[in-house]
$ cat work-v7.cif   # mmCIF, C-alpha atoms and all ligand atoms
data_model
#
loop_
_atom_site.label_atom_id
_atom_site.label_comp_id
_atom_site.auth_asym_id
_atom_site.auth_seq_id
_atom_site.Cartn_x
_atom_site.Cartn_y
_atom_site.Cartn_z
CA MET A 716 9.59 15.12 38.23
CA GLY A 717 8.36 18.62 37.27
CA ARG A 718 9.58 20.75 34.41
CA ARG A 719 12.20 22.65 36.39
CA GLY A 720 13.66 19.47 37.83
CA HIS A 721 13.87 18.06 34.31
CA LYS A 722 15.73 21.16 33.08
CA LYS A 723 18.18 20.94 35.96
CA GLN A 724 18.78 17.29 35.24
CA LYS A 725 19.51 18.11 31.60
CA ALA A 726 21.99 20.83 32.53
CA PHE A 727 23.69 18.43 34.92
CA ARG A 728 23.89 15.76 32.22
CA ARG A 729 25.38 18.24 29.75
CA ALA A 730 27.99 19.37 32.29
CA THR A 731 28.83 15.74 33.01
CA VAL A 732 29.20 14.95 29.32
CA ASP A 733 31.49 17.97 28.94
CA ALA A 734 33.63 16.83 31.84
CA ILE A 735 33.87 13.27 30.54
CA ARG A 736 34.70 14.52 27.07
CA LYS A 737 37.42 16.83 28.35
CA ALA A 738 38.98 14.06 30.41
CA ARG A 739 38.91 11.70 27.43
CA LEU A 740 40.45 14.25 25.08
CA GLU A 741 43.21 14.94 27.60
CA LYS A 742 43.88 11.25 28.02
CA GLN A 743 44.01 10.68 24.27
CA LYS A 744 46.22 13.71 23.74
CA GLY A 745 48.60 12.29 26.32
CA ALA A 746 48.55 8.88 24.70
CA ASN A 747 49.11 9.78 21.06
CA GLY A 748 49.47 13.51 20.81
CA GLU A 749 46.01 14.10 19.36
CA PRO A 750 42.38 13.32 20.16
CA THR A 751 40.43 10.80 18.12
CA THR A 752 36.86 11.07 16.87
CA ALA A 753 34.26 8.86 18.52
CA THR A 754 31.16 7.71 16.70
CA ASN A 755 27.84 6.21 17.63
CA GLU A 756 28.93 3.19 15.70
CA ASP A 757 32.12 3.09 17.79
CA GLN A 758 29.90 2.51 20.76
CA ALA A 759 28.69 -0.67 19.13
CA THR A 760 29.95 -4.07 20.15
CA SER A 761 33.03 -5.58 18.53
CA GLU A 762 30.79 -7.28 15.94
CA ASP A 763 29.89 -3.89 14.47
CA ARG A 764 33.37 -2.44 14.53
CA PRO A 765 35.98 -2.93 11.86
CA ARG A 766 37.42 -6.28 12.85
CA VAL A 767 41.15 -5.84 12.22
CA SER A 768 43.59 -3.05 12.85
CA LYS A 769 46.01 -3.64 9.98
CA TYR A 770 43.73 -3.15 6.97
CA GLU A 771 46.65 -2.43 4.69
CA ASP A 772 47.80 -6.06 5.11
CA ILE A 773 44.58 -7.50 3.76
CA VAL A 774 44.46 -8.67 0.16
CA LYS A 775 41.09 -7.48 -1.04
CA GLU A 776 40.32 -10.41 -3.28
CA ASN A 777 38.10 -13.46 -3.01
CA ALA A 778 37.72 -15.57 -6.15
CA LEU A 779 34.59 -17.31 -4.88
CA PHE A 780 32.88 -14.03 -4.01
CA GLU A 781 33.75 -12.48 -7.39
CA LYS A 782 32.66 -15.49 -9.43
CA TYR A 783 29.39 -15.82 -7.53
CA TYR A 784 28.23 -12.24 -7.90
CA LYS A 785 29.57 -11.80 -11.43
CA THR A 786 27.86 -14.98 -12.66
CA MET A 787 24.48 -13.90 -11.33
CA ASN A 788 24.84 -10.37 -12.81
CA LEU A 789 24.39 -8.64 -9.48
CA VAL A 790 25.30 -5.41 -11.26
CA PRO A 791 25.21 -4.77 -15.02
CA ASP A 792 28.28 -6.19 -16.82
CA ASP A 793 29.67 -2.78 -17.77
CA GLU A 794 29.55 -1.64 -14.14
CA TRP A 795 31.29 -4.70 -12.67
CA ASP A 796 34.86 -3.31 -12.59
CA ALA A 797 33.77 -0.03 -11.03
CA PHE A 798 31.65 -1.95 -8.52
CA LEU A 799 34.57 -4.16 -7.47
CA ALA A 800 36.92 -1.18 -7.27
CA ALA A 801 34.43 0.69 -5.07
CA LEU A 802 34.24 -2.26 -2.66
CA LYS A 803 37.98 -1.93 -2.12
CA GLU A 804 37.82 1.75 -1.19
CA PRO A 805 37.52 2.77 2.47
CA LEU A 806 34.05 3.69 3.64
CA PRO A 807 33.44 7.46 3.67
CA VAL A 808 32.47 9.17 6.89
CA THR A 809 28.77 9.96 6.95
CA PHE A 810 26.68 11.67 9.58
CA ARG A 811 23.22 13.05 10.09
CA VAL A 812 22.05 15.87 12.31
CA THR A 813 19.55 14.60 14.86
CA GLY A 814 16.71 15.94 16.95
CA PHE A 815 13.74 18.27 16.47
CA ARG A 816 13.75 20.10 13.17
CA THR A 817 14.29 23.67 14.45
CA HIS A 818 17.21 22.53 16.55
CA ALA A 819 18.62 20.30 13.79
CA PHE A 820 18.47 23.12 11.23
CA ALA A 821 20.28 25.45 13.67
CA VAL A 822 23.05 22.89 14.18
CA MET A 823 23.31 22.32 10.42
CA HIS A 824 23.50 26.06 9.79
CA LEU A 825 26.38 26.27 12.26
CA ILE A 826 28.20 23.36 10.59
CA ARG A 827 27.89 24.97 7.16
CA GLU A 828 28.98 28.42 8.27
CA ARG A 829 31.71 27.54 10.66
CA TYR A 830 33.14 24.27 9.35
CA PHE A 831 32.15 23.62 5.72
CA GLN A 832 32.71 27.18 4.51
CA PRO A 833 36.46 27.28 5.36
CA LEU A 834 36.94 23.96 3.52
CA GLN A 835 35.70 25.51 0.26
CA SER A 836 39.08 27.12 -0.45
CA SER A 837 41.14 23.98 0.25
CA THR A 838 42.39 22.05 -2.75
CA ALA A 839 43.62 19.06 -0.71
CA ILE A 840 40.18 18.07 0.48
CA GLU A 841 37.15 16.77 -1.33
CA LYS A 842 34.21 18.98 -0.40
CA PRO A 843 31.53 17.62 1.93
CA LYS A 844 28.79 15.98 -0.12
CA GLU A 845 25.14 16.18 0.79
CA LEU A 846 23.19 12.90 0.88
CA VAL A 847 20.50 14.45 -1.27
CA TRP A 848 17.90 11.77 -0.59
CA TYR A 849 17.96 12.49 3.15
CA PRO A 850 15.21 15.00 4.00
CA GLY A 851 16.09 18.55 5.00
CA SER A 852 19.76 18.52 3.85
CA LEU A 853 20.64 17.12 7.25
CA ALA A 854 22.90 14.20 6.23
CA TRP A 855 26.39 14.52 4.77
CA GLU A 856 29.28 12.51 3.48
CA LEU A 857 32.90 13.47 4.04
CA ASN A 858 34.62 11.57 1.32
CA LEU A 859 37.60 10.72 3.44
CA SER A 860 38.70 7.66 5.34
CA ARG A 861 38.92 7.96 9.09
CA ASN A 862 42.72 8.04 8.73
CA GLN A 863 42.62 10.98 6.33
CA LEU A 864 40.18 12.75 8.60
CA ARG A 865 42.71 12.43 11.39
CA SER A 866 45.69 13.63 9.38
CA HIS A 867 44.38 16.73 7.51
CA PRO A 868 44.88 19.86 9.62
CA GLU A 869 41.96 21.61 7.84
CA LEU A 870 39.65 18.99 9.18
CA GLN A 871 40.87 19.09 12.75
CA LYS A 872 38.23 21.54 13.92
CA LEU A 873 35.43 19.76 12.11
CA LYS A 874 36.64 16.49 13.58
CA GLU A 875 36.53 17.82 17.12
CA PHE A 876 33.14 19.40 16.53
CA LEU A 877 31.73 16.12 15.22
CA TYR A 878 33.12 14.35 18.24
CA GLU A 879 31.64 16.86 20.65
CA GLN A 880 28.25 16.97 18.98
CA THR A 881 28.10 13.18 18.81
CA GLU A 882 28.62 13.11 22.58
CA HIS A 883 25.81 15.65 23.01
CA GLY A 884 23.55 13.63 20.72
CA ASN A 885 23.21 16.41 18.13
CA ILE A 886 24.91 14.33 15.45
CA SER A 887 24.78 10.65 14.65
CA ARG A 888 27.74 9.14 12.82
CA GLN A 889 25.74 6.57 10.89
CA GLU A 890 26.45 4.80 7.64
CA ALA A 891 24.46 6.18 4.73
CA VAL A 892 22.74 2.87 3.92
CA SER A 893 21.74 2.43 7.54
CA MET A 894 19.68 5.65 7.33
CA ILE A 895 17.43 4.26 4.58
CA PRO A 896 15.19 1.66 6.32
CA PRO A 897 13.82 4.09 8.96
CA LEU A 898 13.16 6.70 6.24
CA VAL A 899 11.10 4.38 4.04
CA LEU A 900 9.06 3.26 7.05
CA ASP A 901 7.32 6.64 6.81
CA ILE A 902 6.81 6.92 10.58
CA GLN A 903 4.04 9.09 12.03
CA PRO A 904 3.80 10.21 15.68
CA HIS A 905 0.80 7.94 16.36
CA HIS A 906 2.43 4.74 15.07
CA LYS A 907 3.05 1.66 17.18
CA ILE A 908 6.47 0.51 16.01
CA LEU A 909 8.45 -2.68 16.51
CA ASP A 910 12.17 -2.91 15.82
CA MET A 911 12.75 -6.68 15.86
CA CYS A 912 16.57 -6.92 15.78
CA ALA A 913 17.52 -3.54 17.07
CA ALA A 914 21.02 -3.56 18.60
CA PRO A 915 23.29 -1.64 18.54
CA GLY A 916 20.49 0.79 17.77
CA SER A 917 21.43 3.43 15.22
CA LYS A 918 18.21 2.75 13.30
CA THR A 919 16.17 2.59 16.51
CA ALA A 920 17.43 6.06 17.44
CA GLN A 921 16.44 7.37 14.02
CA ILE A 922 12.98 5.79 14.35
CA ILE A 923 12.46 7.40 17.77
CA GLU A 924 13.47 10.77 16.33
CA CYS A 925 10.89 10.36 13.56
CA LEU A 926 8.22 9.51 16.14
CA HIS A 927 9.03 12.74 17.98
CA ARG A 928 9.26 14.96 14.93
CA ASP A 929 6.19 17.06 15.78
CA GLU A 930 7.79 19.70 17.99
CA SER A 931 4.45 20.92 19.32
CA ASN A 932 3.76 17.50 20.84
CA PRO A 933 6.64 16.22 22.98
CA ILE A 934 4.70 13.09 23.97
CA PRO A 935 3.33 11.44 20.85
CA SER A 936 0.62 8.78 21.17
CA GLY A 937 2.76 6.19 19.38
CA PHE A 938 5.65 4.20 20.79
CA VAL A 939 8.66 2.10 19.84
CA ILE A 940 9.47 -1.35 21.17
CA ALA A 941 13.02 -2.38 20.35
CA ASN A 942 14.07 -6.00 20.71
CA ASP A 943 17.30 -7.94 20.42
CA VAL A 944 18.05 -11.55 21.33
CA ASP A 945 21.52 -10.70 22.61
CA ASN A 946 21.43 -9.46 26.18
CA LYS A 947 24.80 -7.67 26.03
CA ARG A 948 23.86 -5.92 22.83
CA CYS A 949 20.64 -4.76 24.51
CA TYR A 950 22.85 -2.73 26.86
CA THR A 951 24.52 -1.11 23.86
CA LEU A 952 21.03 -0.33 22.64
CA VAL A 953 20.17 1.33 25.96
CA HIS A 954 23.32 3.44 25.70
CA GLN A 955 22.49 4.46 22.14
CA VAL A 956 18.90 5.44 22.83
CA LYS A 957 18.79 6.84 26.35
CA ARG A 958 20.30 10.17 25.23
CA LEU A 959 17.01 10.80 23.38
CA GLU A 960 15.10 10.76 26.68
CA SER A 961 11.97 9.48 24.97
CA PRO A 962 9.09 8.46 27.23
CA CYS A 963 7.67 6.39 24.33
CA PHE A 964 10.21 3.65 24.18
CA ALA A 965 10.90 0.20 25.68
CA ILE A 966 13.51 -2.49 25.13
CA ILE A 967 12.81 -6.21 25.23
CA ASN A 968 15.28 -9.10 25.04
CA HIS A 969 13.80 -12.03 23.13
CA ASP A 970 14.21 -14.29 20.13
CA ALA A 971 12.35 -12.28 17.48
CA SER A 972 11.27 -15.41 15.61
CA ASN A 973 9.32 -16.40 18.66
CA LEU A 974 8.22 -13.02 19.98
CA PRO A 975 5.17 -13.40 22.26
CA ASN A 976 2.01 -11.40 21.69
CA LEU A 977 2.26 -8.15 23.63
CA LYS A 978 -0.82 -6.83 25.44
CA PHE A 979 -2.03 -3.23 25.29
CA ASP A 980 -5.45 -1.92 26.35
CA ASN A 981 -6.52 -5.53 26.98
CA GLY A 982 -5.77 -6.60 23.43
CA ASN A 983 -2.76 -7.94 21.55
CA ILE A 984 -0.67 -5.22 19.99
CA SER A 985 -0.41 -5.26 16.25
CA PHE A 986 2.19 -2.85 14.95
CA ASP A 987 1.74 -0.12 12.33
CA ARG A 988 5.40 -0.20 11.43
CA ILE A 989 7.97 -2.97 11.80
CA LEU A 990 11.67 -2.91 11.10
CA CYS A 991 13.03 -6.39 10.47
CA ASP A 992 16.78 -5.75 10.19
CA VAL A 993 17.87 -9.36 10.49
CA PRO A 994 21.24 -10.95 11.29
CA CYS A 995 23.05 -11.57 8.01
CA SER A 996 26.33 -12.55 6.39
CA GLY A 997 27.11 -8.83 6.03
CA ASP A 998 28.98 -8.86 2.73
CA GLY A 999 27.60 -5.40 2.04
CA THR A 1000 29.94 -4.19 4.80
CA LEU A 1001 33.17 -5.21 3.05
CA ARG A 1002 34.35 -1.61 3.01
CA LYS A 1003 33.97 -1.32 6.76
CA ASN A 1004 35.07 -4.87 7.56
CA PRO A 1005 37.80 -5.68 5.02
CA ASP A 1006 38.69 -8.95 6.76
CA LEU A 1007 35.49 -10.29 5.19
CA TRP A 1008 37.52 -10.54 1.97
CA LYS A 1009 39.34 -13.47 3.57
CA LYS A 1010 36.35 -14.95 5.35
CA TRP A 1011 33.56 -14.76 2.77
CA ASN A 1012 32.11 -18.11 1.82
CA PRO A 1013 28.70 -19.17 0.47
CA GLY A 1014 27.91 -21.24 3.60
CA HIS A 1015 27.13 -18.12 5.67
CA ALA A 1016 24.05 -17.31 3.64
CA PHE A 1017 22.87 -20.96 3.60
CA SER A 1018 22.94 -21.11 7.38
CA LEU A 1019 21.25 -17.74 7.96
CA GLN A 1020 18.26 -17.96 5.66
CA SER A 1021 16.15 -20.05 8.00
CA ILE A 1022 16.37 -17.63 10.96
CA GLN A 1023 15.88 -14.63 8.63
CA LEU A 1024 12.71 -16.17 7.27
CA ARG A 1025 11.40 -17.11 10.70
CA ILE A 1026 11.99 -13.60 12.09
CA ALA A 1027 10.32 -11.95 9.09
CA THR A 1028 7.39 -14.39 9.32
CA ARG A 1029 6.82 -13.45 12.94
CA GLY A 1030 7.03 -9.80 11.91
CA ILE A 1031 4.22 -10.20 9.41
CA GLN A 1032 2.07 -11.98 11.99
CA LEU A 1033 2.52 -8.95 14.29
CA LEU A 1034 1.79 -6.36 11.58
CA ALA A 1035 -1.48 -4.42 11.70
CA PRO A 1036 -3.75 -4.39 8.61
CA GLY A 1037 -2.52 -1.55 6.41
CA GLY A 1038 0.84 -1.58 8.21
CA LEU A 1039 4.31 -1.48 6.68
CA MET A 1040 7.23 -3.76 7.39
CA VAL A 1041 10.74 -3.14 6.09
CA TYR A 1042 12.90 -6.23 5.69
CA SER A 1043 16.58 -5.30 5.49
CA THR A 1044 20.01 -6.91 5.57
CA CYS A 1045 23.53 -5.62 5.00
CA SER A 1046 24.21 -8.48 2.62
CA MET A 1047 24.05 -8.46 -1.16
CA ASN A 1048 23.20 -12.15 -1.37
CA PRO A 1049 19.79 -12.95 -2.95
CA ILE A 1050 19.57 -16.03 -0.70
CA GLU A 1051 19.21 -13.62 2.23
CA ASN A 1052 17.16 -11.01 0.39
CA GLU A 1053 15.05 -11.77 -2.70
CA SER A 1054 14.65 -15.43 -1.73
CA VAL A 1055 13.34 -14.57 1.77
CA VAL A 1056 10.94 -11.96 0.39
CA ALA A 1057 9.68 -14.38 -2.30
CA GLN A 1058 8.96 -17.01 0.35
CA LEU A 1059 7.09 -14.47 2.49
CA LEU A 1060 5.00 -13.40 -0.49
CA GLN A 1061 4.12 -17.02 -1.18
CA ALA A 1062 3.37 -17.91 2.44
CA PHE A 1063 1.15 -14.83 2.95
CA GLN A 1064 -0.28 -14.63 -0.55
CA GLY A 1065 -3.28 -12.31 -0.66
CA GLN A 1066 -2.44 -10.82 2.74
CA ILE A 1067 0.72 -8.86 1.95
CA SER A 1068 2.13 -7.07 -1.08
CA LEU A 1069 5.41 -5.46 -2.06
CA VAL A 1070 5.61 -1.69 -1.89
CA ASP A 1071 7.68 -0.03 -4.60
CA ILE A 1072 9.96 2.45 -2.82
CA SER A 1073 12.05 3.43 -5.83
CA ASP A 1074 10.58 6.95 -5.86
CA LYS A 1075 10.33 7.45 -2.08
CA LEU A 1076 13.75 9.03 -1.62
CA PRO A 1077 14.43 11.22 -4.65
CA GLY A 1078 18.10 11.21 -5.58
CA LEU A 1079 18.82 7.73 -4.16
CA LYS A 1080 20.11 5.42 -6.87
CA THR A 1081 18.38 2.05 -6.79
CA ILE A 1082 18.38 -1.06 -8.96
CA PRO A 1083 15.59 -3.64 -9.00
CA GLY A 1084 16.09 -6.93 -7.16
CA LEU A 1085 17.17 -10.02 -9.10
CA LYS A 1086 14.67 -12.41 -10.64
CA LYS A 1087 17.27 -15.08 -11.40
CA TRP A 1088 20.35 -16.10 -9.46
CA CYS A 1089 22.63 -19.09 -8.88
CA ILE A 1090 24.23 -20.81 -5.93
CA ILE A 1091 27.94 -21.44 -5.68
CA GLY A 1092 29.76 -24.36 -4.03
CA LYS A 1093 33.09 -24.26 -2.16
CA ASN A 1094 35.05 -25.16 -5.29
CA GLN A 1095 33.46 -22.46 -7.44
CA GLU A 1096 30.93 -24.84 -8.99
CA ILE A 1097 27.78 -23.01 -10.07
CA TYR A 1098 24.26 -24.45 -9.64
CA ASN A 1099 21.35 -22.85 -11.43
CA SER A 1100 18.67 -25.09 -9.97
CA PHE A 1101 18.24 -27.51 -7.08
CA GLU A 1102 18.36 -30.45 -9.50
CA GLU A 1103 22.00 -29.60 -10.22
CA VAL A 1104 23.02 -29.61 -6.54
CA PRO A 1105 24.96 -32.77 -5.58
CA LYS A 1106 23.49 -35.00 -2.85
CA ASN A 1107 26.16 -34.10 -0.27
CA MET A 1108 25.22 -30.40 -0.53
CA GLN A 1109 21.46 -30.77 -0.61
CA SER A 1110 21.01 -30.33 3.12
CA LEU A 1111 22.70 -26.90 2.87
CA ALA A 1112 21.51 -25.52 -0.47
CA ARG A 1113 17.76 -26.00 -0.23
CA PRO A 1114 15.24 -25.77 -3.11
CA ASN A 1115 13.71 -22.55 -1.74
CA MET A 1116 17.09 -20.78 -1.95
CA PHE A 1117 16.80 -20.62 -5.72
CA ALA A 1118 14.79 -18.00 -7.56
CA PRO A 1119 11.07 -18.75 -7.93
CA SER A 1120 9.95 -19.85 -11.40
CA SER A 1121 8.77 -17.17 -13.83
CA ASP A 1122 5.20 -18.46 -13.33
CA VAL A 1123 5.44 -17.88 -9.58
CA ILE A 1124 6.99 -14.45 -10.12
CA GLU A 1125 4.06 -13.54 -12.35
CA GLN A 1126 1.54 -15.01 -9.94
CA LEU A 1127 3.04 -13.03 -7.05
CA ASN A 1128 2.90 -9.89 -9.13
CA ILE A 1129 6.57 -9.08 -8.57
CA GLU A 1130 7.29 -6.48 -11.21
CA ARG A 1131 9.99 -4.70 -9.36
CA TRP A 1132 11.52 -5.57 -6.03
C1 LIG A 1201 22.14 -6.36 11.62
S1 LIG A 1201 22.15 -6.34 13.34
C2 LIG A 1201 20.93 -5.13 13.66
C3 LIG A 1201 21.45 -3.71 13.53
C4 LIG A 1201 20.52 -2.70 14.11
N1 LIG A 1201 19.20 -2.77 13.51
C5 LIG A 1201 21.05 -1.28 13.94
O1 LIG A 1201 20.70 -0.61 12.97
O2 LIG A 1201 21.83 -0.82 14.76
C6 LIG A 1201 21.26 -7.81 13.72
C7 LIG A 1201 20.90 -7.98 15.17
O3 LIG A 1201 20.05 -9.12 15.25
C8 LIG A 1201 20.23 -9.70 16.51
N2 LIG A 1201 19.66 -11.06 16.43
C9 LIG A 1201 20.21 -12.19 15.94
N3 LIG A 1201 19.33 -13.20 16.02
C10 LIG A 1201 18.20 -12.69 16.57
C11 LIG A 1201 16.94 -13.23 16.93
N4 LIG A 1201 16.65 -14.52 16.74
N5 LIG A 1201 16.02 -12.41 17.49
C12 LIG A 1201 16.29 -11.10 17.70
N6 LIG A 1201 17.47 -10.54 17.39
C13 LIG A 1201 18.41 -11.32 16.83
C14 LIG A 1201 21.74 -9.63 16.71
O4 LIG A 1201 22.04 -9.72 18.09
C15 LIG A 1201 22.06 -8.27 16.10
O5 LIG A 1201 22.08 -7.30 17.11
#

$ encode --input "work-v7.cif" --output "structure tokens"
Amino acid sequence: MGRRGHKKQKAFRRATVDAIRKARLEKQKGANGEPTTATNEDQATSEDRPRVSKYEDIVKENALFEKYYKTMNLVPDDEWDAFLAALKEPLPVTFRVTGFRTHAFAVMHLIRERYFQPLQSSTAIEKPKELVWYPGSLAWELNLSRNQLRSHPELQKLKEFLYEQTEHGNISRQEAVSMIPPLVLDIQPHHKILDMCAAPGSKTAQIIECLHRDESNPIPSGFVIANDVDNKRCYTLVHQVKRLESPCFAIINHDASNLPNLKFDNGNISFDRILCDVPCSGDGTLRKNPDLWKKWNPGHAFSLQSIQLRIATRGIQLLAPGGLMVYSTCSMNPIENESVVAQLLQAFQGQISLVDISDKLPGLKTIPGLKKWCIIGKNQEIYNSFEEVPKNMQSLARPNMFAPSSDVIEQLNIERW
């Protein structure tokens, strides 16, 4: 299709989106007297959505969870109470402005002038907060729960604008932490990129935007292959990404731990950048999924480590020399994080090394990974080494789930992770 045809198609799509949006708003107005705000993350499958409707009924306590993380000093002692209190607060609304830079800056300018400016005089609302580590002042936090956002009249216009612009693809309602892995991948337009566990696709969309960031070159030489094992979730991924209309993108549906070699120019593709955002127990999402307070138990991490390690191992095998792979989870558990990374470093010793990213996103607060941790049993019993684990638990809590010895840590040159 030629250029004109493409333009026409775009105009048609925009008109269609407008019509759909209008119809939806009308329907919602009829149903509850006011429209609601949709998000990219709302388009995710039920697994990614908050899992219960009556959050206020949930007791946000879990003795096992608290003992486990407190015993291992996940956060410094004097920060523990604040940490726990923060986990019980609703997740703030965060969004980033998408697309080519000139366009994104124009949208951001409009948001500031038309929507943020009038909020400055309000005393009832906390002012929008910039996510300072996100390049170009294009990502913001509205320190309000979704409920508050709905009920404050001052925010009504902003709410509708966010809804509209999300539909048009100018804004992505994405959690702040979810924006970090694509940023530290440092993507260039010529990179061959693999997103191993990609659905529902908010990070994939961000990666594709980075690939296309050179406005003078609409068709970069690099490409993105996004994979997910779950066929239904692959459809969510299509929905998330197709609005970007990138010609440099393909989706595959495979077990990432067993991903076949992919051919390109008669050779196997090795990737310059890989995102390995593995399935995890998700206890870093307690604020979004408060029912995890009831469900959290140490067994989730035990059962997930093996697949996490196998997926990451396959990722490294597919990585080009000099390439970068980001391993990420939304769990705080060292069994799913530090332990997996330590095993990768041991298995590929001399071939891979850790990259210190603590200064890559100025303004982002980071703490180093743990070098020591424990494992907890169902009855709150703490094990500091495999030797302490009773026989009936040894098939679950494996030796490699404990921290490597200080000799190994030194040998692997892990100063900060
Ligand atoms: C944490 S979510 C990924 C979130 C996604 N990267 C994003 O930012 O929107 C983990 C994904 O891994 C997928 N998954 C689970 N096991 C997998 C496997 N063996 N191979 C590939 N994907 C897998 C799940 O279907 C799920 O979509």

$ residues_around --input "work-v7.cif" --residues "Ile1097 of chain A" --least-positions-apart "6" --cutoff "12 Å" --atoms "all atoms listed in the file" --output "MDAnalysis selection string"
chainID A and resid 779:780 782:787 1013 1088:1091 1103:1105 1112

$ residues_near_ligand --input "work-v7.cif" --ligand "ligand LIG 1201 (chain A)" --cutoff "6 Å" --atoms "all atoms listed in the file" --output "VMD selection string"
chain A and resid 911 to 918 943 to 945 970 to 972 992 to 994

$ atom_distance --input "work-v7.cif" --atom1 "atom CA of Asp929 of chain A" --atom2 "atom CA of Tyr878 of chain A"
27.2 Å

$ closest_residue --input "work-v7.cif" --among "A:His818, A:Lys844, A:Arg1113, A:Arg811" --to "Ala1016 of chain A" --atoms "all atoms listed in the file"
A:Arg1113

$ closest_residue --input "work-v7.cif" --among "A:Gly1084, A:Ile940, A:Glu960, A:Gly1037" --to "Ile1067 of chain A" --atoms "only C-alpha atoms"
A:Gly1037

$ residues_near_point --input "work-v7.cif" --point "(8.5, 7.1, 12.2)" --cutoff "12 Å" --atoms "all atoms listed in the file" --output "VMD selection string"
chain A and resid 896 to 910 918 to 929 935 937 to 939 987 to 990 1039 to 1040

$ residues_around --input "work-v7.cif" --residues "Asn858 of chain A" --least-positions-apart "3" --cutoff "9 Å" --atoms "all atoms listed in the file" --output "JSON list (two decimals) with C-alpha atoms, keeping the file's coordinate frame"
[["chain", "number", "residue", "atom", "x", "y", "z"],
["A", 806, "LEU", "CA", 34.05, 3.69, 3.64],
["A", 807, "PRO", "CA", 33.44, 7.46, 3.67],
["A", 808, "VAL", "CA", 32.47, 9.17, 6.89],
["A", 809, "THR", "CA", 28.77, 9.96, 6.95],
["A", 840, "ILE", "CA", 40.18, 18.07, 0.48],
["A", 841, "GLU", "CA", 37.15, 16.77, -1.33],
["A", 842, "LYS", "CA", 34.21, 18.98, -0.40],
["A", 843, "PRO", "CA", 31.53, 17.62, 1.93],
["A", 844, "LYS", "CA", 28.79, 15.98, -0.12]]

$ closest_residue --input "work-v7.cif" --among "A:Leu977, A:Leu857, A:Ala941, A:Leu1059" --to "Cys963 of chain A" --atoms "only C-alpha atoms"
A:Ala941

$ atom_distance --input "work-v7.cif" --atom1 "atom CA of Asp998 of chain A" --atom2 "atom CA of Trp1011 of chain A"
7.5 Å

$ closest_residue --input "work-v7.cif" --among "A:Trp1132, A:Tyr830, A:Phe1117, A:Phe810" --to "Gln871 of chain A" --atoms "only C-alpha atoms"
A:Tyr830

$ atom_distance --input "work-v7.cif" --atom1 "atom CA of Ser1046 of chain A" --atom2 "atom CA of Gly1014 of chain A"
13.3 Å

$ closest_residue --input "work-v7.cif" --among "A:Ile1129, A:Cys1045, A:Val956, A:Leu1024" --to "Val1070 of chain A" --atoms "only C-alpha atoms"
A:Ile1129

$ residues_around --input "work-v7.cif" --residues "Ser985 of chain A" --least-positions-apart "5" --cutoff "7 Å" --atoms "only C-alpha atoms" --output "PyMOL selection string"
chain A and resi 1033-1035

$ residues_around --input "work-v7.cif" --residues "Pro791 of chain A" --least-positions-apart "6" --cutoff "12 Å" --atoms "all atoms listed in the file" --output "list in words"
Tyr784, Lys785, Ala797, Phe798, Ile1082, Pro1083 and Leu1085 of chain A

$ residues_near_point --input "work-v7.cif" --point "(18.0, -18.4, 5.1)" --cutoff "12 Å" --atoms "all atoms listed in the file" --output "PyMOL selection string"
chain A and resi 993-996+1013-1027+1044+1046+1048-1059+1111-1117

$ closest_residue --input "work-v7.cif" --among "A:Gly1030, A:Pro868, A:Gly851, A:Gly997" --to "His824 of chain A" --atoms "all atoms listed in the file"
A:Gly851

$ residues_around --input "work-v7.cif" --residues "Glu1125 of chain A" --least-positions-apart "5" --cutoff "12 Å" --atoms "all atoms listed in the file" --output "list of chain:residue names"
A:Ala1057, A:Leu1060, A:Gln1061, A:Lys1086, A:Pro1119, A:Ser1120, A:Glu1130, A:Arg1131

$ build_atoms --input "work-v7.cif" --residues "segment 837-844 of chain A" --atoms "N, CA and C atoms" --output "PDB file, in the coordinates of the input"
ATOM      1  N   SER A 837      40.064  24.982   0.220  1.00  0.00           N
ATOM      2  CA  SER A 837      41.140  23.980   0.250  1.00  0.00           C
ATOM      3  C   SER A 837      41.133  23.135  -1.018  1.00  0.00           C
ATOM      4  N   THR A 838      42.314  22.902  -1.557  1.00  0.00           N
ATOM      5  CA  THR A 838      42.390  22.050  -2.750  1.00  0.00           C
ATOM      6  C   THR A 838      42.716  20.606  -2.364  1.00  0.00           C
ATOM      7  N   ALA A 839      43.188  20.405  -1.129  1.00  0.00           N
ATOM      8  CA  ALA A 839      43.620  19.060  -0.710  1.00  0.00           C
ATOM      9  C   ALA A 839      42.451  18.182  -0.266  1.00  0.00           C
ATOM     10  N   ILE A 840      41.311  18.800  -0.116  1.00  0.00           N
ATOM     11  CA  ILE A 840      40.180  18.070   0.480  1.00  0.00           C
ATOM     12  C   ILE A 840      39.003  18.012  -0.478  1.00  0.00           C
ATOM     13  N   GLU A 841      38.391  16.854  -0.574  1.00  0.00           N
ATOM     14  CA  GLU A 841      37.150  16.770  -1.330  1.00  0.00           C
ATOM     15  C   GLU A 841      36.039  17.410  -0.503  1.00  0.00           C
ATOM     16  N   LYS A 842      35.220  18.211  -1.159  1.00  0.00           N
ATOM     17  CA  LYS A 842      34.210  18.980  -0.400  1.00  0.00           C
ATOM     18  C   LYS A 842      33.161  18.038   0.203  1.00  0.00           C
ATOM     19  N   PRO A 843      32.613  18.429   1.344  1.00  0.00           N
ATOM     20  CA  PRO A 843      31.530  17.620   1.930  1.00  0.00           C
ATOM     21  C   PRO A 843      30.394  17.469   0.920  1.00  0.00           C
ATOM     22  N   LYS A 844      29.842  16.258   0.884  1.00  0.00           N
ATOM     23  CA  LYS A 844      28.790  15.980  -0.120  1.00  0.00           C
ATOM     24  C   LYS A 844      27.474  15.712   0.594  1.00  0.00           C
TER      25      LYS A 844
END
